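Shown next: work.pdb, containing PDB, C-alpha atoms.
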ATOM      1  CA  MET A   1     -12.267  20.390  12.850  1.00  0.00           C
ATOM      2  CA  GLN A   2     -12.701  18.782   9.460  1.00  0.00           C
ATOM      3  CA  THR A   3     -11.723  20.671   6.350  1.00  0.00           C
ATOM      4  CA  ASP A   4     -14.068  20.736   3.413  1.00  0.00           C
ATOM      5  CA  PRO A   5     -12.574  18.553   0.646  1.00  0.00           C
ATOM      6  CA  ALA A   6     -13.870  20.962  -1.994  1.00  0.00           C
ATOM      7  CA  SER A   7     -11.840  23.805  -0.477  1.00  0.00           C
ATOM      8  CA  LEU A   8      -8.538  21.950  -0.892  1.00  0.00           C
ATOM      9  CA  ASP A   9      -6.429  22.495  -3.953  1.00  0.00           C
ATOM     10  CA  PRO A  10      -6.549  19.591  -6.412  1.00  0.00           C
ATOM     11  CA  GLU A  11      -2.965  18.508  -5.755  1.00  0.00           C
ATOM     12  CA  GLU A  12      -3.480  18.248  -1.990  1.00  0.00           C
ATOM     13  CA  ARG A  13      -6.744  16.389  -2.510  1.00  0.00           C
ATOM     14  CA  SER A  14      -5.114  13.831  -4.813  1.00  0.00           C
ATOM     15  CA  ASN A  15      -2.150  13.417  -2.440  1.00  0.00           C
ATOM     16  CA  LYS A  16      -4.546  12.671   0.434  1.00  0.00           C
ATOM     17  CA  PHE A  17      -6.270  10.111  -1.778  1.00  0.00           C
ATOM     18  CA  TYR A  18      -2.892   8.518  -2.575  1.00  0.00           C
ATOM     19  CA  ALA A  19      -2.060   8.283   1.137  1.00  0.00           C
ATOM     20  CA  LEU A  20      -5.346   6.561   1.970  1.00  0.00           C
ATOM     21  CA  ALA A  21      -5.154   4.299  -1.088  1.00  0.00           C
ATOM     22  CA  SER A  22      -1.647   3.277  -0.041  1.00  0.00           C
ATOM     23  CA  ALA A  23      -2.882   2.224   3.395  1.00  0.00           C
ATOM     24  CA  ALA A  24      -5.759   0.263   1.864  1.00  0.00           C
ATOM     25  CA  LEU A  25      -3.496  -1.444  -0.675  1.00  0.00           C
ATOM     26  CA  GLY A  26      -1.068  -2.308   2.114  1.00  0.00           C
ATOM     27  CA  ILE A  27      -3.809  -4.157   3.966  1.00  0.00           C
ATOM     28  CA  PHE A  28      -5.003  -5.873   0.783  1.00  0.00           C
ATOM     29  CA  SER A  29      -1.439  -6.881  -0.109  1.00  0.00           C
ATOM     30  CA  LEU A  30      -1.109  -8.702   3.211  1.00  0.00           C
ATOM     31  CA  CYS A  31      -4.219 -10.734   2.458  1.00  0.00           C
ATOM     32  CA  GLY A  32      -3.515 -11.042  -1.250  1.00  0.00           C
ATOM     33  CA  GLY A  33       0.045 -12.213  -0.654  1.00  0.00           C
ATOM     34  CA  LEU A  34      -1.262 -15.313   1.094  1.00  0.00           C
ATOM     35  CA  ALA A  35      -3.967 -15.984  -1.485  1.00  0.00           C
ATOM     36  CA  SER A  36      -1.786 -15.448  -4.542  1.00  0.00           C
ATOM     37  CA  PRO A  37       1.811 -14.237  -4.209  1.00  0.00           C
ATOM     38  CA  ALA A  38       1.750 -12.561  -7.638  1.00  0.00           C
ATOM     39  CA  PHE A  39      -1.412 -10.630  -6.769  1.00  0.00           C
ATOM     40  CA  GLY A  40      -0.009  -9.610  -3.390  1.00  0.00           C
ATOM     41  CA  THR A  41       3.229  -8.441  -4.994  1.00  0.00           C
ATOM     42  CA  ILE A  42       1.389  -6.228  -7.485  1.00  0.00           C
ATOM     43  CA  LEU A  43      -0.759  -4.713  -4.737  1.00  0.00           C
ATOM     44  CA  ALA A  44       2.283  -4.120  -2.538  1.00  0.00           C
ATOM     45  CA  ILE A  45       4.221  -2.360  -5.280  1.00  0.00           C
ATOM     46  CA  LEU A  46       1.224  -0.150  -6.067  1.00  0.00           C
ATOM     47  CA  GLY A  47       0.867   0.608  -2.349  1.00  0.00           C
ATOM     48  CA  ILE A  48       4.518   1.614  -2.066  1.00  0.00           C
ATOM     49  CA  VAL A  49       4.329   3.886  -5.115  1.00  0.00           C
ATOM     50  CA  LEU A  50       1.106   5.546  -3.965  1.00  0.00           C
ATOM     51  CA  GLY A  51       2.554   5.919  -0.470  1.00  0.00           C
ATOM     52  CA  ILE A  52       5.546   7.782  -1.847  1.00  0.00           C
ATOM     53  CA  PHE A  53       3.228  10.155  -3.700  1.00  0.00           C
ATOM     54  CA  GLY A  54       0.988  10.429  -0.620  1.00  0.00           C
ATOM     55  CA  ARG A  55       3.902  11.562   1.573  1.00  0.00           C
ATOM     56  CA  ARG A  56       3.538  14.996  -0.060  1.00  0.00           C
ATOM     57  CA  SER A  57       0.192  15.564   1.661  1.00  0.00           C
ATOM     58  CA  GLU A  58      -0.800  16.478   5.184  1.00  0.00           C
ATOM     59  CA  ASN A  59      -1.618  12.788   5.787  1.00  0.00           C
ATOM     60  CA  LYS A  60       2.007  11.716   6.055  1.00  0.00           C
ATOM     61  CA  ARG A  61       1.139   9.222   8.775  1.00  0.00           C
ATOM     62  CA  SER A  62      -1.374   7.395   6.562  1.00  0.00           C
ATOM     63  CA  ALA A  63       1.132   7.274   3.738  1.00  0.00           C
ATOM     64  CA  THR A  64       3.869   5.975   6.050  1.00  0.00           C
ATOM     65  CA  VAL A  65       1.572   3.272   7.408  1.00  0.00           C
ATOM     66  CA  GLY A  66       0.628   2.352   3.850  1.00  0.00           C
ATOM     67  CA  ILE A  67       4.272   2.070   2.827  1.00  0.00           C
ATOM     68  CA  ALA A  68       5.082  -0.057   5.879  1.00  0.00           C
ATOM     69  CA  LEU A  69       2.112  -2.377   5.331  1.00  0.00           C
ATOM     70  CA  SER A  70       2.955  -2.676   1.655  1.00  0.00           C
ATOM     71  CA  ILE A  71       6.559  -3.610   2.436  1.00  0.00           C
ATOM     72  CA  ILE A  72       5.349  -6.233   4.914  1.00  0.00           C
ATOM     73  CA  GLY A  73       2.876  -7.495   2.304  1.00  0.00           C
ATOM     74  CA  LEU A  74       5.646  -7.663  -0.296  1.00  0.00           C
ATOM     75  CA  LEU A  75       7.880  -9.631   2.052  1.00  0.00           C
ATOM     76  CA  THR A  76       4.979 -11.926   2.916  1.00  0.00           C
ATOM     77  CA  ALA A  77       4.314 -12.614  -0.766  1.00  0.00           C
ATOM     78  CA  ILE A  78       7.993 -13.285  -1.474  1.00  0.00           C
ATOM     79  CA  ILE A  79       8.425 -15.608   1.505  1.00  0.00           C
ATOM     80  CA  TYR A  80       5.184 -17.439   0.716  1.00  0.00           C
ATOM     81  CA  SER A  81       6.173 -17.933  -2.924  1.00  0.00           C
ATOM     82  CA  VAL A  82       9.574 -19.300  -1.844  1.00  0.00           C
ATOM     83  CA  LEU A  83       7.858 -21.696   0.563  1.00  0.00           C
ATOM     84  CA  LEU A  84       5.476 -22.823  -2.175  1.00  0.00           C
ATOM     85  CA  TYR A  85       8.413 -23.409  -4.511  1.00  0.00           C
ATOM     86  CA  MET A  86      10.307 -25.383  -1.884  1.00  0.00           C
ATOM     87  CA  ALA A  87       7.261 -27.514  -1.079  1.00  0.00           C
ATOM     88  CA  LYS A  88       6.844 -28.325  -4.749  1.00  0.00           C
ATOM     89  CA  TYR A  89      10.408 -29.624  -5.161  1.00  0.00           C
TER      90      TYR A  89
END

Show the structure stored in the file as structure tokens.
Amino acid sequence: MQTDPASLDPEERSNKFYALASAALGIFSLCGGLASPAFGTILAILGIVLGIFGRRSENKRSATVGIALSIIGLLTAIIYSVLLYMAKY
């Protein structure tokens, strides 16, 4: 049974949004880390921060997945930037 978003208190509604945004940013940071390591790093850090705020909601699983994907995206961006640096020199 779905709950009506309008019936939720504003804090719970924003925390659910943070959890879902964290998951989306985690996915984008994986892709962005390979396109541009700086862009992927920014997305990953935003995903981690939003995931921490999203853990306060009922969607703890979405926030946890977002944090995990963001950490993987951050590591991908760091490793890719190191490989690019090593290939240059």

> Which is closest to Leu50 of chain A among A:Ile79, A:Ile71, A:Cys31, A:Ala23, if we use only C-alpha atoms?
Replying inline: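 When distances to Leu50 of chain A are compared using only C-alpha atoms, the smallest one comes from A:Ala23.
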
> Got a sec to resolve the PyMOL selection byres ((chain A and resi 69) around 8) on this structure and send the residues as a list in words?
Replying inline: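 Those residues are Ala23, Gly26, Ile27, Ser29, Leu30, Val65, Gly66, Ile67, Ala68, Ser70, Ile71, Ile72 and Gly73 of chain A.
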
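Nearest-residue note for Ala35 of chain A: choosing from A:Ser62, A:Ser22, A:Asn15, A:Ser81, the minimum distance belongs to A:Ser81, counting all atoms listed in the file.
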
> When you draw a straight line from atom CA of Gly47 of chain A to atom CA of Leu84 of chain A, how long is it in Å?
Replying inline: 23.9 Å

> By how many Å are atom CA of Ser57 of chain A and atom CA of Ala77 of chain A apart?
Replying inline: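 These atoms are spaced 28.6 Å apart.
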
>> So the first atom is atom CA of Thr64 of chain A and the second is atom CA of Ala38 of chain A; what is the distance between them in Å, to one decimal place?
In response: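 Atom-to-atom, atom CA of Thr64 of chain A to atom CA of Ala38 of chain A, that is 23.1 Å.
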
> Near Ile45 of chain A, counting only C-alpha atoms, which residues have an atom at most 8 Å away, once you skip same-chain residues fewer than 3 positions from it, shown as number ranges by chain?
Replying inline: A: 41-42, 48-49, 70, 74

>> Using all atoms listed in the file for the distances, tell me which of A:Tyr80, A:Leu75, A:Ala19, A:Gly32 is nearest to Gly51 of chain A.
In response: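 The closest residue to Gly51 of chain A is A:Ala19.
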
>> I need the residue nearest Arg61 of chain A from this list: A:Ala87, A:Leu46, A:Ile78, A:Leu20. Use all atoms listed in the file for the distance.
In response: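 For Arg61 of chain A, the nearest of the given residues is A:Leu20.
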